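This is entry38.cif. It holds mmCIF, C-alpha atoms.
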data_upload
loop_
_atom_site.label_atom_id
_atom_site.label_comp_id
_atom_site.auth_asym_id
_atom_site.auth_seq_id
_atom_site.Cartn_x
_atom_site.Cartn_y
_atom_site.Cartn_z
CA MET A 1 253.76 21.32 131.19
CA THR A 2 250.78 21.44 128.83
CA ASP A 3 247.39 22.86 129.76
CA THR A 4 245.85 19.37 129.68
CA LYS A 5 247.93 18.41 132.71
CA ARG A 6 246.98 21.47 134.71
CA PRO A 7 243.82 21.26 136.85
CA GLU A 8 241.02 23.70 136.18
CA PHE A 9 240.10 23.57 139.87
CA PHE A 10 241.06 21.50 142.88
CA THR A 11 240.75 21.20 146.67
CA CYS A 12 243.60 21.65 149.14
CA HIS A 13 242.99 21.55 152.89
CA ASN A 14 246.21 23.36 153.76
CA GLY A 15 246.72 23.56 157.53
CA ASP A 16 244.06 23.48 160.20
CA LYS A 17 240.77 25.37 160.22
CA ALA A 18 241.11 28.86 161.75
CA PRO A 19 238.80 30.13 164.51
CA LEU A 20 235.88 31.94 162.84
CA PRO A 21 234.10 35.02 164.21
CA PHE A 22 231.08 32.91 165.22
CA SER A 23 230.28 29.40 166.37
CA LYS A 24 229.48 26.53 164.04
CA GLY A 25 225.95 26.64 165.42
CA GLU A 26 225.61 30.28 164.36
CA TYR A 27 226.61 29.47 160.77
CA ASP A 28 224.24 26.50 160.81
CA ARG A 29 221.44 28.83 161.90
CA ARG A 30 222.17 31.23 159.04
CA LEU A 31 222.41 28.46 156.46
CA GLY A 32 219.19 26.96 157.78
CA LYS A 33 217.35 30.23 157.12
CA LEU A 34 218.85 30.45 153.63
CA ARG A 35 217.85 26.85 152.87
CA ALA A 36 214.33 27.61 154.04
CA ILE A 37 214.20 30.48 151.54
CA MET A 38 215.50 28.13 148.83
CA ALA A 39 212.94 25.44 149.65
CA ALA A 40 210.06 27.92 149.67
CA ARG A 41 211.01 29.10 146.16
CA ASP A 42 212.02 25.68 144.80
CA ILE A 43 215.63 26.77 144.26
CA PRO A 44 217.96 23.75 144.56
CA VAL A 45 221.23 25.70 144.59
CA VAL A 46 222.39 29.24 145.30
CA LEU A 47 225.52 30.98 144.02
CA LEU A 48 226.50 33.80 146.37
CA THR A 49 228.99 36.30 144.93
CA SER A 50 229.05 39.38 147.19
CA MET A 51 231.60 39.87 149.96
CA GLN A 52 228.85 40.43 152.52
CA ASN A 53 226.84 37.28 151.78
CA ILE A 54 229.82 34.98 151.36
CA ALA A 55 231.22 36.19 154.69
CA TYR A 56 227.82 35.99 156.38
CA TYR A 57 227.10 32.41 155.37
CA SER A 58 230.61 30.90 155.26
CA GLY A 59 232.87 33.05 157.45
CA PHE A 60 235.27 33.77 154.57
CA LEU A 61 235.77 37.43 153.62
CA TYR A 62 237.48 37.57 150.25
CA CYS A 63 239.77 40.16 148.68
CA THR A 64 238.80 40.32 145.02
CA PHE A 65 241.68 42.14 143.27
CA GLY A 66 239.69 41.73 140.05
CA ARG A 67 239.01 37.99 140.45
CA PRO A 68 235.57 36.41 140.96
CA TYR A 69 234.71 34.56 144.17
CA GLY A 70 231.67 32.56 145.13
CA CYS A 71 229.90 30.37 147.64
CA VAL A 72 227.68 27.55 146.38
CA VAL A 73 224.96 26.53 148.83
CA THR A 74 222.75 23.46 148.42
CA GLN A 75 220.51 21.73 150.94
CA ASP A 76 223.51 19.61 151.95
CA ALA A 77 226.67 21.67 151.43
CA CYS A 78 228.23 25.13 151.64
CA THR A 79 231.38 25.48 149.50
CA THR A 80 233.39 28.62 148.86
CA VAL A 81 235.08 29.09 145.47
CA SER A 82 238.35 30.99 145.58
CA ALA A 83 241.30 31.92 143.38
CA ASN A 84 244.55 29.97 143.54
CA ILE A 85 246.43 33.14 144.55
CA ASP A 86 244.86 32.81 148.02
CA ALA A 87 246.05 29.21 148.44
CA GLY A 88 244.62 27.49 151.55
CA GLN A 89 243.47 30.57 153.47
CA PRO A 90 239.90 30.52 152.10
CA TRP A 91 239.46 26.90 153.22
CA ARG A 92 240.86 27.67 156.66
CA ARG A 93 238.36 30.49 157.07
CA SER A 94 235.33 28.76 155.52
CA VAL A 95 232.92 27.02 157.87
CA GLU A 96 232.62 24.06 155.50
CA ASP A 97 234.42 23.23 152.25
CA ASN A 98 236.32 25.16 149.59
CA VAL A 99 237.29 24.70 145.94
CA ILE A 100 240.25 26.54 144.39
CA TYR A 101 240.17 27.53 140.71
CA THR A 102 243.25 28.18 138.60
CA ASP A 103 243.82 31.01 136.15
CA TRP A 104 245.69 29.31 133.30
CA LYS A 105 242.47 28.83 131.34
CA ARG A 106 239.78 31.50 130.99
CA ASP A 107 236.55 30.85 132.95
CA ASN A 108 237.97 28.20 135.28
CA TYR A 109 235.96 29.93 138.00
CA TRP A 110 232.78 29.00 136.18
CA ARG A 111 234.00 25.46 135.61
CA ALA A 112 234.49 25.11 139.36
CA VAL A 113 231.02 26.52 139.98
CA ALA A 114 229.53 24.14 137.41
CA GLY A 115 231.14 21.20 139.19
CA LEU A 116 229.40 22.19 142.42
CA ILE A 117 226.04 23.06 140.90
CA GLY A 118 225.70 19.71 139.21
CA GLY A 119 223.48 20.68 136.29
CA ALA A 120 220.78 22.47 138.31
CA LYS A 121 218.30 24.31 136.09
CA ARG A 122 217.21 26.85 138.72
CA ILE A 123 219.95 28.82 140.46
CA GLY A 124 219.62 31.58 143.02
CA ILE A 125 221.91 34.56 142.39
CA GLU A 126 222.42 38.02 143.89
CA GLY A 127 220.74 40.29 141.37
CA ASP A 128 222.20 43.41 142.96
CA HIS A 129 225.75 42.08 142.67
CA MET A 130 226.05 39.93 139.55
CA THR A 131 227.15 42.01 136.57
CA LEU A 132 225.66 41.70 133.10
CA ALA A 133 228.92 40.15 131.89
CA ALA A 134 228.91 37.58 134.71
CA ARG A 135 225.26 36.75 134.01
CA ASP A 136 225.99 36.10 130.34
CA THR A 137 228.96 33.89 131.22
CA ALA A 138 226.94 32.01 133.83
CA LEU A 139 224.23 31.23 131.31
CA ALA A 140 226.78 30.03 128.77
CA MET A 141 228.88 27.96 131.18
CA LEU A 142 226.12 26.50 133.38
CA GLY A 143 223.72 25.25 130.71
CA THR A 144 221.35 28.24 130.45
CA PRO A 145 219.71 27.78 133.88
CA GLU A 146 216.92 29.99 135.16
CA LEU A 147 218.55 32.63 137.38
CA LEU A 148 216.44 33.80 140.31
CA ASP A 149 217.28 36.79 142.50
CA ILE A 150 217.68 35.81 146.17
CA ALA A 151 219.36 39.08 147.28
CA PRO A 152 216.22 40.61 148.87
CA GLY A 153 215.64 37.45 150.92
CA THR A 154 219.21 37.25 152.15
CA MET A 155 219.20 40.94 153.03
CA ALA A 156 216.05 40.52 155.11
CA ALA A 157 217.61 37.52 156.85
CA ARG A 158 220.72 39.54 157.75
CA MET A 159 218.74 42.46 159.18
CA VAL A 160 217.84 40.64 162.42
CA LYS A 161 221.00 39.90 164.37
CA SER A 162 221.72 36.90 166.58
CA ALA A 163 223.00 37.17 170.15
CA GLU A 164 226.51 36.34 168.89
CA GLU A 165 226.36 39.07 166.29
CA ILE A 166 225.09 41.65 168.77
CA GLU A 167 227.94 40.80 171.15
CA LEU A 168 230.49 41.40 168.39
CA ILE A 169 228.78 44.65 167.35
CA LYS A 170 228.90 45.86 170.96
CA GLY A 171 232.62 45.11 171.02
CA GLY A 172 233.01 47.16 167.86
CA ALA A 173 231.14 50.09 169.41
CA ARG A 174 233.43 49.96 172.45
CA THR A 175 236.42 49.97 170.09
CA ALA A 176 235.05 52.99 168.21
CA ASP A 177 234.88 54.84 171.54
CA VAL A 178 238.55 53.99 172.15
CA GLY A 179 239.44 55.52 168.80
CA GLY A 180 237.33 58.58 169.57
CA ALA A 181 239.15 59.16 172.84
CA ALA A 182 242.54 58.91 171.09
CA ILE A 183 241.45 61.42 168.45
CA HIS A 184 240.02 63.80 171.06
CA ALA A 185 243.36 63.74 172.89
CA ALA A 186 245.37 64.35 169.69
CA ILE A 187 243.44 67.43 168.53
CA CYS A 188 245.41 70.66 168.77
CA GLU A 189 246.15 73.69 166.66
CA GLY A 190 248.67 72.88 163.91
CA ALA A 191 248.12 69.12 163.96
CA THR A 192 247.10 67.70 160.57
CA GLU A 193 244.05 65.64 159.73
CA ILE A 194 246.20 62.64 158.79
CA GLU A 195 248.20 62.76 162.03
CA ILE A 196 245.04 62.82 164.12
CA ALA A 197 243.40 60.10 162.04
CA MET A 198 246.43 57.84 162.51
CA ALA A 199 246.21 58.22 166.28
CA GLY A 200 242.62 56.99 166.26
CA ARG A 201 243.27 54.14 163.85
CA ASP A 202 246.31 52.89 165.77
CA ALA A 203 244.40 52.92 169.06
CA MET A 204 241.54 50.91 167.57
CA GLU A 205 243.75 48.33 165.91
CA ALA A 206 245.61 47.77 169.18
CA GLU A 207 242.30 47.37 171.01
CA ILE A 208 240.94 44.88 168.45
CA ALA A 209 244.13 42.81 168.70
CA ARG A 210 243.80 42.82 172.50
CA ALA A 211 240.11 41.98 172.67
CA TYR A 212 239.90 39.64 169.63
CA PRO A 213 243.14 37.65 169.38
CA ASP A 214 241.69 35.31 166.72
CA ALA A 215 240.23 38.01 164.46
CA GLU A 216 241.40 39.12 161.04
CA TYR A 217 243.07 42.52 161.30
CA ARG A 218 242.29 44.64 158.29
CA ASP A 219 240.26 47.60 157.07
CA THR A 220 239.89 49.60 160.32
CA TRP A 221 240.03 53.28 159.38
CA VAL A 222 239.33 56.88 160.45
CA TRP A 223 237.96 59.88 158.61
CA PHE A 224 238.96 63.00 160.54
CA GLN A 225 237.87 66.17 158.77
CA SER A 226 238.26 69.88 159.46
CA GLY A 227 236.86 73.14 158.12
CA LEU A 228 235.57 72.88 154.56
CA ASN A 229 236.42 69.15 154.54
CA THR A 230 233.56 68.44 156.97
CA ASP A 231 230.91 69.07 154.32
CA GLY A 232 230.72 65.44 153.16
CA ALA A 233 230.23 62.46 155.44
CA HIS A 234 232.71 60.34 153.44
CA ASN A 235 235.38 62.93 152.60
CA PRO A 236 238.92 61.50 152.68
CA VAL A 237 241.53 62.63 155.16
CA THR A 238 243.94 65.40 154.03
CA LYS A 239 247.13 66.98 155.33
CA ARG A 240 245.36 70.20 156.27
CA ALA A 241 246.58 71.67 159.56
CA LEU A 242 243.95 72.57 162.15
CA GLN A 243 243.28 76.24 162.87
CA LYS A 244 241.63 77.94 165.81
CA GLY A 245 237.88 78.18 165.26
CA ASP A 246 237.69 75.12 162.98
CA ILE A 247 234.66 72.90 162.91
CA LEU A 248 235.85 69.28 163.13
CA SER A 249 234.32 65.90 162.34
CA LEU A 250 235.49 62.75 164.13
CA ASN A 251 234.63 59.44 162.45
CA THR A 252 236.05 56.12 163.71
CA PHE A 253 235.35 52.82 161.94
CA PRO A 254 236.71 49.66 163.54
CA MET A 255 236.40 46.49 161.46
CA ILE A 256 236.32 43.16 163.30
CA SER A 257 236.22 40.14 160.96
CA GLY A 258 234.10 42.00 158.42
CA TYR A 259 231.78 43.63 160.98
CA TYR A 260 231.66 47.43 160.89
CA THR A 261 230.77 49.86 163.63
CA ALA A 262 231.05 53.64 163.74
CA LEU A 263 231.34 56.67 165.99
CA GLU A 264 230.83 60.15 164.52
CA ARG A 265 230.99 63.44 166.39
CA THR A 266 231.06 67.18 165.70
CA LEU A 267 233.78 69.12 167.52
CA PHE A 268 235.20 72.65 167.49
CA LEU A 269 238.76 73.83 168.05
CA GLY A 270 238.02 76.83 170.23
CA GLU A 271 234.65 78.32 171.03
CA PRO A 272 232.19 78.16 168.11
CA ASP A 273 230.54 81.38 166.99
CA ALA A 274 226.89 81.97 167.84
CA GLU A 275 225.43 80.61 164.56
CA SER A 276 227.68 77.54 164.57
CA LEU A 277 226.62 76.83 168.14
CA ARG A 278 222.93 77.20 167.21
CA LEU A 279 223.27 74.78 164.32
CA TRP A 280 225.24 72.30 166.39
CA GLN A 281 222.70 72.36 169.19
CA ALA A 282 219.86 71.90 166.69
CA ASN A 283 221.56 68.84 165.24
CA VAL A 284 222.16 67.46 168.73
CA ALA A 285 218.45 67.97 169.48
CA ALA A 286 217.54 66.08 166.30
CA HIS A 287 219.94 63.33 167.34
CA GLU A 288 218.33 63.04 170.76
CA LEU A 289 214.87 63.00 169.17
CA GLY A 290 216.00 60.15 166.93
CA LEU A 291 217.40 58.21 169.89
CA SER A 292 214.03 58.51 171.65
CA LEU A 293 212.14 57.16 168.62
CA ILE A 294 213.98 53.84 168.19
CA LYS A 295 211.77 51.02 169.48
CA PRO A 296 210.09 47.89 168.11
CA GLY A 297 206.98 48.47 166.02
CA VAL A 298 207.91 51.83 164.50
CA THR A 299 208.76 52.26 160.82
CA CYS A 300 211.90 53.68 159.28
CA SER A 301 209.79 56.19 157.34
CA GLY A 302 207.89 57.16 160.49
CA ILE A 303 211.10 57.98 162.35
CA THR A 304 212.29 59.96 159.35
CA ALA A 305 209.07 61.98 159.25
CA GLU A 306 209.41 62.96 162.92
CA ILE A 307 213.00 64.20 162.53
CA ASN A 308 212.07 65.97 159.27
CA ARG A 309 209.28 67.74 161.13
CA PHE A 310 211.73 68.92 163.79
CA PHE A 311 214.21 70.27 161.25
CA ALA A 312 211.41 71.96 159.31
CA ASP A 313 210.24 73.72 162.47
CA GLU A 314 213.82 74.91 163.00
CA GLY A 315 214.05 76.16 159.40
CA LEU A 316 216.88 73.69 158.70
CA LEU A 317 215.36 70.83 156.71
CA GLN A 318 216.91 72.10 153.47
CA TYR A 319 220.35 71.50 154.99
CA ARG A 320 219.79 67.81 155.73
CA SER A 321 222.24 65.82 153.60
CA PHE A 322 221.20 62.11 153.84
CA GLY A 323 218.97 59.67 155.71
CA TYR A 324 219.02 59.50 159.49
CA GLY A 325 220.54 56.05 160.04
CA HIS A 326 221.13 52.53 158.77
CA SER A 327 221.65 48.92 159.78
CA PHE A 328 224.85 47.36 161.07
CA GLY A 329 226.52 43.97 160.66
CA ILE A 330 228.50 42.68 157.66
CA LEU A 331 229.18 46.10 156.19
CA SER A 332 232.04 48.27 154.96
CA HIS A 333 232.70 51.26 152.76
CA TYR A 334 233.31 48.91 149.82
CA TYR A 335 230.85 46.08 150.40
CA GLY A 336 227.50 45.35 151.98
CA ARG A 337 224.42 47.39 152.73
CA GLU A 338 221.07 46.35 154.16
CA ALA A 339 219.19 48.93 152.15
CA GLY A 340 215.86 47.77 153.57
CA LEU A 341 216.83 49.09 157.01
CA GLU A 342 217.70 52.73 156.39
CA LEU A 343 215.94 55.64 158.04
CA ARG A 344 214.57 57.32 154.92
CA GLU A 345 211.22 58.46 153.60
CA ASP A 346 210.93 55.57 151.13
CA ILE A 347 211.70 52.72 153.58
CA ASP A 348 208.69 51.35 155.46
CA THR A 349 210.45 48.49 157.29
CA VAL A 350 209.13 47.94 160.81
CA LEU A 351 211.78 47.79 163.53
CA GLU A 352 211.84 44.54 165.49
CA PRO A 353 213.96 43.06 168.29
CA GLY A 354 217.45 42.07 167.13
CA MET A 355 217.80 44.84 164.58
CA VAL A 356 220.76 47.21 165.01
CA VAL A 357 220.51 50.75 163.65
CA SER A 358 222.27 54.08 163.88
CA ILE A 359 220.89 57.52 164.51
CA GLU A 360 223.06 60.00 162.62
CA PRO A 361 221.44 63.30 161.56
CA MET A 362 223.67 65.62 159.56
CA LEU A 363 223.32 69.25 158.56
CA TRP A 364 225.50 70.69 155.81
CA ILE A 365 225.80 74.48 155.62
CA PRO A 366 227.58 75.60 152.41
CA GLU A 367 230.76 77.66 152.51
CA GLY A 368 230.18 81.40 152.70
CA GLN A 369 227.12 81.11 154.94
CA PRO A 370 227.20 81.69 158.69
CA GLY A 371 228.04 78.46 160.54
CA ALA A 372 229.41 76.79 157.38
CA GLY A 373 230.41 73.15 157.68
CA GLY A 374 229.05 69.68 158.36
CA TYR A 375 227.43 68.82 161.70
CA ARG A 376 227.00 65.12 162.44
CA GLU A 377 226.41 62.92 165.50
CA HIS A 378 226.17 59.12 165.34
CA ASP A 379 225.15 56.48 167.89
CA ILE A 380 224.35 52.77 167.46
CA LEU A 381 221.25 51.20 169.01
CA VAL A 382 220.21 47.59 169.49
CA VAL A 383 216.44 47.17 169.27
CA GLY A 384 215.03 45.09 172.14
CA GLU A 385 211.62 43.80 173.18
CA ASN A 386 210.48 47.07 174.75
CA GLY A 387 212.90 49.75 173.58
CA ALA A 388 216.47 50.11 172.44
CA GLU A 389 219.93 50.00 174.01
CA ASN A 390 222.40 52.71 172.99
CA ILE A 391 225.79 50.97 172.76
CA THR A 392 227.80 54.13 171.94
CA GLY A 393 229.46 55.72 174.94
CA PHE A 394 231.51 58.65 173.62
CA PRO A 395 229.91 61.98 174.67
CA TYR A 396 228.37 64.30 172.09
CA GLY A 397 227.68 68.03 172.07
CA PRO A 398 229.40 71.26 173.13
CA GLY A 399 229.81 70.16 176.75
CA HIS A 400 232.55 67.68 175.81
CA ASN A 401 233.62 68.48 172.27
CA VAL A 402 234.79 72.10 172.34
CA ILE A 403 238.56 71.71 172.55
CA GLY A 404 241.11 74.32 173.58
CA ALA A 405 238.57 77.00 174.38
#

If you convert what's in this file into C-alpha cells, what do you get?
Amino acid sequence: MTDTKRPEFFTCHNGDKAPLPFSKGEYDRRLGKLRAIMAARDIPVVLLTSMQNIAYYSGFLYCTFGRPYGCVVTQDACTTVSANIDAGQPWRRSVEDNVIYTDWKRDNYWRAVAGLIGGAKRIGIEGDHMTLAARDTALAMLGTPELLDIAPGTMAARMVKSAEEIELIKGGARTADVGGAAIHAAICEGATEIEIAMAGRDAMEAEIARAYPDAEYRDTWVWFQSGLNTDGAHNPVTKRALQKGDILSLNTFPMISGYYTALERTLFLGEPDAESLRLWQANVAAHELGLSLIKPGVTCSGITAEINRFFADEGLLQYRSFGYGHSFGILSHYYGREAGLELREDIDTVLEPGMVVSIEPMLWIPEGQPGAGGYREHDILVVGENGAENITGFPYGPGHNVIGA
C-alpha cells in the first residue's frame, strides 16, 4: 500500500459512548464558559493540548507516550484529536466528537487539527503547555495564525467547582481516608515502606471500583515515607524497613477519572522524643490555624501571612518547606495545576464559594538536628457561602498517630 492510499486522519465511532464522570449538562456548562471567554476575546477557535484542559472540557484523559493530543473547540463543536494507537477509546470517552490521526506521515496530527480549525486566523492556545517546537509547527501547518494564550482564563474557570465536581471530590476524600486506615493498620516494626504503601493503594483501588463502577481505574498511588525519607513531600517509596522511633509520613492519593484528592499525616512508630513532639504539635497548631482561616472573602496571601506569623512566633518559620495549600480538581503529579489558587505569599486570589483547597503546613528539620524529619498534615476544604466544610475525616496528631507506643 502506498502512502497516497493511507488516510492522514479519520473518524471511527467504535462501540458505544462510555459513561463519563459528569453529566452532559455539566460539560455543556464548562464549554459555555469557555465559549464566553472566546467570544469576549474574539477568538473563533481554541486548541487545547494539556491533559487537564482536554479532560475538563471533553471528558477524555489521554496517555501521551510521546504523541501529541488535542481538543478543538469552536462555538459549535468540541472535537478531541487522538493518535491511532488508542483506536476508538478516545471517541467513547469524549463528550462530543473525535478525530484520529495516523503516524505514517510526519505532522498528521497538525493536518487533523487544520481540518478542524478551518483556516481560522486567531487561535487560542495554552501558553503554559505548548512547547516552542509545537508553536513553530503550528504556525507552519496552520497558515501562520495569531496564537493567543487562553490558559489563564481556563484556569480561572476551573477554580470554581460545580456541585457535580464537589460530589466527586468528596468521594475522593472518603477514599483517601480508606487508604489511610489501611496504612495505619499495616504499620509495624520491620515492615517496609513499599509493603505499607501497597496496602493503602490496594484498599483505595478496591474502594474506587466499589463506589464508582463506571470510572477509569488508573493512577491511584501512595507515598509512605519513614525516617530521613520524610524530608521531601514528594519523595518516592523505598524498601527501607521501619524502626522503632521512626517519624513516618502517610500520603494517600486516590485518582477517580482524572480527579485527585489527598490525605497526608505525620505519624511515629513508638513515642516521639520531646523535641519531635514539640515540632509535631507546632505543625498541628499551624494546621488548625489554617483550617480556621478558610472562608469566602479572604485572600491566599492573607492566609499565608497568618500562618507565617504563627511559625515566626514559634521560631520555626525557617523550616517551612512550601506553600500552605492548593486547589483540587483535574490534577495529578504529572499534569494539571491551578497555580492561581495556592496559599502562598505571591497569590492574592480571593476565596469564593465553590473553590476547593487544602491546608497542608509542613516543617522540615534537617538530619543531625533534634527532631529531624518532615512533619506534614493535610485536609481538604470546600469553601461555602459562610465558611468551609472539611471533607477529610482521618484523625491527625499524636492522639491517634503514635503507633506501637

Q.
If I take CA of Asn283 (chain A) and CA of Glu377 (chain A), how far is one from the other in Å, to one decimal?
A. 7.7 Å

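CA of Met51 (chain A) is positioned 29.0 Å from CA of Ser249 (chain A).
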
Q) Pick the closest to Asp76 (chain A) from A:Leu31, A:Ala372, A:Ile37, A:Ala203: which is it, counting all atoms listed in the file? A)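 Counting all atoms listed in the file, the residue closest to Asp76 (chain A) is A:Leu31.
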
Q. Any chance you could work out the residue set of the PyMOL selection byres ((chain A and resi 99) around 6) here, as a list in words?
A. Phe10, Thr11, Val81, Asn98 and Ile100 of chain A

Keeping C-alpha atoms, export the residues of the selection given above as a compact mmCIF listing (two decimals), in the frame of the given file.
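Output below, filename out.txt:
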# COMPACT_ATOMS: atom_id res chain seq x y z
CA PHE A 10 241.06 21.50 142.88
CA THR A 11 240.75 21.20 146.67
CA VAL A 81 235.08 29.09 145.47
CA ASN A 98 236.32 25.16 149.59
CA ILE A 100 240.25 26.54 144.39

Expand the PyMOL selection byres ((chain A and resi 219-230) around 8) into the explicit residue set it covers here, and present it as a CSV table (one decimal) with C-alpha atoms, in the frame of the given file.
chain,number,residue,atom,x,y,z
A,193,GLU,CA,244.0,65.6,159.7
A,194,ILE,CA,246.2,62.6,158.8
A,196,ILE,CA,245.0,62.8,164.1
A,197,ALA,CA,243.4,60.1,162.0
A,198,MET,CA,246.4,57.8,162.5
A,200,GLY,CA,242.6,57.0,166.3
A,201,ARG,CA,243.3,54.1,163.8
A,204,MET,CA,241.5,50.9,167.6
A,205,GLU,CA,243.8,48.3,165.9
A,217,TYR,CA,243.1,42.5,161.3
A,218,ARG,CA,242.3,44.6,158.3
A,231,ASP,CA,230.9,69.1,154.3
A,232,GLY,CA,230.7,65.4,153.2
A,233,ALA,CA,230.2,62.5,155.4
A,234,HIS,CA,232.7,60.3,153.4
A,235,ASN,CA,235.4,62.9,152.6
A,236,PRO,CA,238.9,61.5,152.7
A,237,VAL,CA,241.5,62.6,155.2
A,238,THR,CA,243.9,65.4,154.0
A,240,ARG,CA,245.4,70.2,156.3
A,242,LEU,CA,244.0,72.6,162.2
A,246,ASP,CA,237.7,75.1,163.0
A,247,ILE,CA,234.7,72.9,162.9
A,248,LEU,CA,235.8,69.3,163.1
A,249,SER,CA,234.3,65.9,162.3
A,250,LEU,CA,235.5,62.8,164.1
A,251,ASN,CA,234.6,59.4,162.4
A,252,THR,CA,236.0,56.1,163.7
A,253,PHE,CA,235.4,52.8,161.9
A,254,PRO,CA,236.7,49.7,163.5
A,255,MET,CA,236.4,46.5,161.5
A,256,ILE,CA,236.3,43.2,163.3
A,367,GLU,CA,230.8,77.7,152.5
A,372,ALA,CA,229.4,76.8,157.4
A,373,GLY,CA,230.4,73.2,157.7
A,374,GLY,CA,229.0,69.7,158.4
A,375,TYR,CA,227.4,68.8,161.7

Q: Determine the residue set returned by the PyMOL selection byres ((chain A and resi 175-178) around 12) for the present structure, and present it as a PyMOL selection string.
A: chain A and resi 168-174+179-185+199-212+220-222+250-256+260-265+378-380+391-396

Save the residues we just selected, C-alpha atoms, as a PDB file, in the frame of the given file?
ATOM      1  CA  LEU A 168     230.490  41.400 168.390  1.00  0.00           C
ATOM      2  CA  ILE A 169     228.780  44.650 167.350  1.00  0.00           C
ATOM      3  CA  LYS A 170     228.900  45.860 170.960  1.00  0.00           C
ATOM      4  CA  GLY A 171     232.620  45.110 171.020  1.00  0.00           C
ATOM      5  CA  GLY A 172     233.010  47.160 167.860  1.00  0.00           C
ATOM      6  CA  ALA A 173     231.140  50.090 169.410  1.00  0.00           C
ATOM      7  CA  ARG A 174     233.430  49.960 172.450  1.00  0.00           C
ATOM      8  CA  GLY A 179     239.440  55.520 168.800  1.00  0.00           C
ATOM      9  CA  GLY A 180     237.330  58.580 169.570  1.00  0.00           C
ATOM     10  CA  ALA A 181     239.150  59.160 172.840  1.00  0.00           C
ATOM     11  CA  ALA A 182     242.540  58.910 171.090  1.00  0.00           C
ATOM     12  CA  ILE A 183     241.450  61.420 168.450  1.00  0.00           C
ATOM     13  CA  HIS A 184     240.020  63.800 171.060  1.00  0.00           C
ATOM     14  CA  ALA A 185     243.360  63.740 172.890  1.00  0.00           C
ATOM     15  CA  ALA A 199     246.210  58.220 166.280  1.00  0.00           C
ATOM     16  CA  GLY A 200     242.620  56.990 166.260  1.00  0.00           C
ATOM     17  CA  ARG A 201     243.270  54.140 163.850  1.00  0.00           C
ATOM     18  CA  ASP A 202     246.310  52.890 165.770  1.00  0.00           C
ATOM     19  CA  ALA A 203     244.400  52.920 169.060  1.00  0.00           C
ATOM     20  CA  MET A 204     241.540  50.910 167.570  1.00  0.00           C
ATOM     21  CA  GLU A 205     243.750  48.330 165.910  1.00  0.00           C
ATOM     22  CA  ALA A 206     245.610  47.770 169.180  1.00  0.00           C
ATOM     23  CA  GLU A 207     242.300  47.370 171.010  1.00  0.00           C
ATOM     24  CA  ILE A 208     240.940  44.880 168.450  1.00  0.00           C
ATOM     25  CA  ALA A 209     244.130  42.810 168.700  1.00  0.00           C
ATOM     26  CA  ARG A 210     243.800  42.820 172.500  1.00  0.00           C
ATOM     27  CA  ALA A 211     240.110  41.980 172.670  1.00  0.00           C
ATOM     28  CA  TYR A 212     239.900  39.640 169.630  1.00  0.00           C
ATOM     29  CA  THR A 220     239.890  49.600 160.320  1.00  0.00           C
ATOM     30  CA  TRP A 221     240.030  53.280 159.380  1.00  0.00           C
ATOM     31  CA  VAL A 222     239.330  56.880 160.450  1.00  0.00           C
ATOM     32  CA  LEU A 250     235.490  62.750 164.130  1.00  0.00           C
ATOM     33  CA  ASN A 251     234.630  59.440 162.450  1.00  0.00           C
ATOM     34  CA  THR A 252     236.050  56.120 163.710  1.00  0.00           C
ATOM     35  CA  PHE A 253     235.350  52.820 161.940  1.00  0.00           C
ATOM     36  CA  PRO A 254     236.710  49.660 163.540  1.00  0.00           C
ATOM     37  CA  MET A 255     236.400  46.490 161.460  1.00  0.00           C
ATOM     38  CA  ILE A 256     236.320  43.160 163.300  1.00  0.00           C
ATOM     39  CA  TYR A 260     231.660  47.430 160.890  1.00  0.00           C
ATOM     40  CA  THR A 261     230.770  49.860 163.630  1.00  0.00           C
ATOM     41  CA  ALA A 262     231.050  53.640 163.740  1.00  0.00           C
ATOM     42  CA  LEU A 263     231.340  56.670 165.990  1.00  0.00           C
ATOM     43  CA  GLU A 264     230.830  60.150 164.520  1.00  0.00           C
ATOM     44  CA  ARG A 265     230.990  63.440 166.390  1.00  0.00           C
ATOM     45  CA  HIS A 378     226.170  59.120 165.340  1.00  0.00           C
ATOM     46  CA  ASP A 379     225.150  56.480 167.890  1.00  0.00           C
ATOM     47  CA  ILE A 380     224.350  52.770 167.460  1.00  0.00           C
ATOM     48  CA  ILE A 391     225.790  50.970 172.760  1.00  0.00           C
ATOM     49  CA  THR A 392     227.800  54.130 171.940  1.00  0.00           C
ATOM     50  CA  GLY A 393     229.460  55.720 174.940  1.00  0.00           C
ATOM     51  CA  PHE A 394     231.510  58.650 173.620  1.00  0.00           C
ATOM     52  CA  PRO A 395     229.910  61.980 174.670  1.00  0.00           C
ATOM     53  CA  TYR A 396     228.370  64.300 172.090  1.00  0.00           C
TER      54      TYR A 396
END

Q: Have a look at CA of Phe268 (chain A) and CA of Ser321 (chain A) and let me know their distance in Å, one decimal.
A: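 We find that CA of Phe268 (chain A) and CA of Ser321 (chain A) lie 20.2 Å from each other.
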
Q) So which one's closest to Arg135 (chain A), A:Ala339, A:Ile117, A:Ala157, A:Leu47? Using only C-alpha atoms, please. A)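 Closest residue, counting only C-alpha atoms: A:Leu47.
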
**Q.** Pick from A:Leu61, A:Ile330, A:Leu293, A:Val113 nearest to Met141 (chain A), counting only C-alpha atoms
**A.** A:Val113

Q: Give me the residues within 9 Å of region 398-400 of chain A as number ranges by chain, counting all atoms listed in the file and dropping any in the same chain fewer than 3 places off.
A: A: 266-268, 272, 277, 280-281, 395, 403

With C-alpha atoms retained, could you export that selection as a CSV table (one decimal), in the coordinates of the input?
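Generated output (again-v2.csv):
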chain,number,residue,atom,x,y,z
A,266,THR,CA,231.1,67.2,165.7
A,267,LEU,CA,233.8,69.1,167.5
A,268,PHE,CA,235.2,72.6,167.5
A,272,PRO,CA,232.2,78.2,168.1
A,277,LEU,CA,226.6,76.8,168.1
A,280,TRP,CA,225.2,72.3,166.4
A,281,GLN,CA,222.7,72.4,169.2
A,395,PRO,CA,229.9,62.0,174.7
A,403,ILE,CA,238.6,71.7,172.6

Q | Contacts of Pro19 (chain A) at 9 Å (all atoms listed in the file; same-chain gap of 2+ positions) as a VMD selection string | A | chain A and resid 17 21 to 23 92 to 93 214 to 215

(Q) Give me the residues near Lys295 (chain A) as a PyMOL selection string, where near means some atom within 7 Å (using all atoms listed in the file) and where sequence neighbours in that chain fewer than 6 positions away do not count. (A) chain A and resi 351+383+386-388
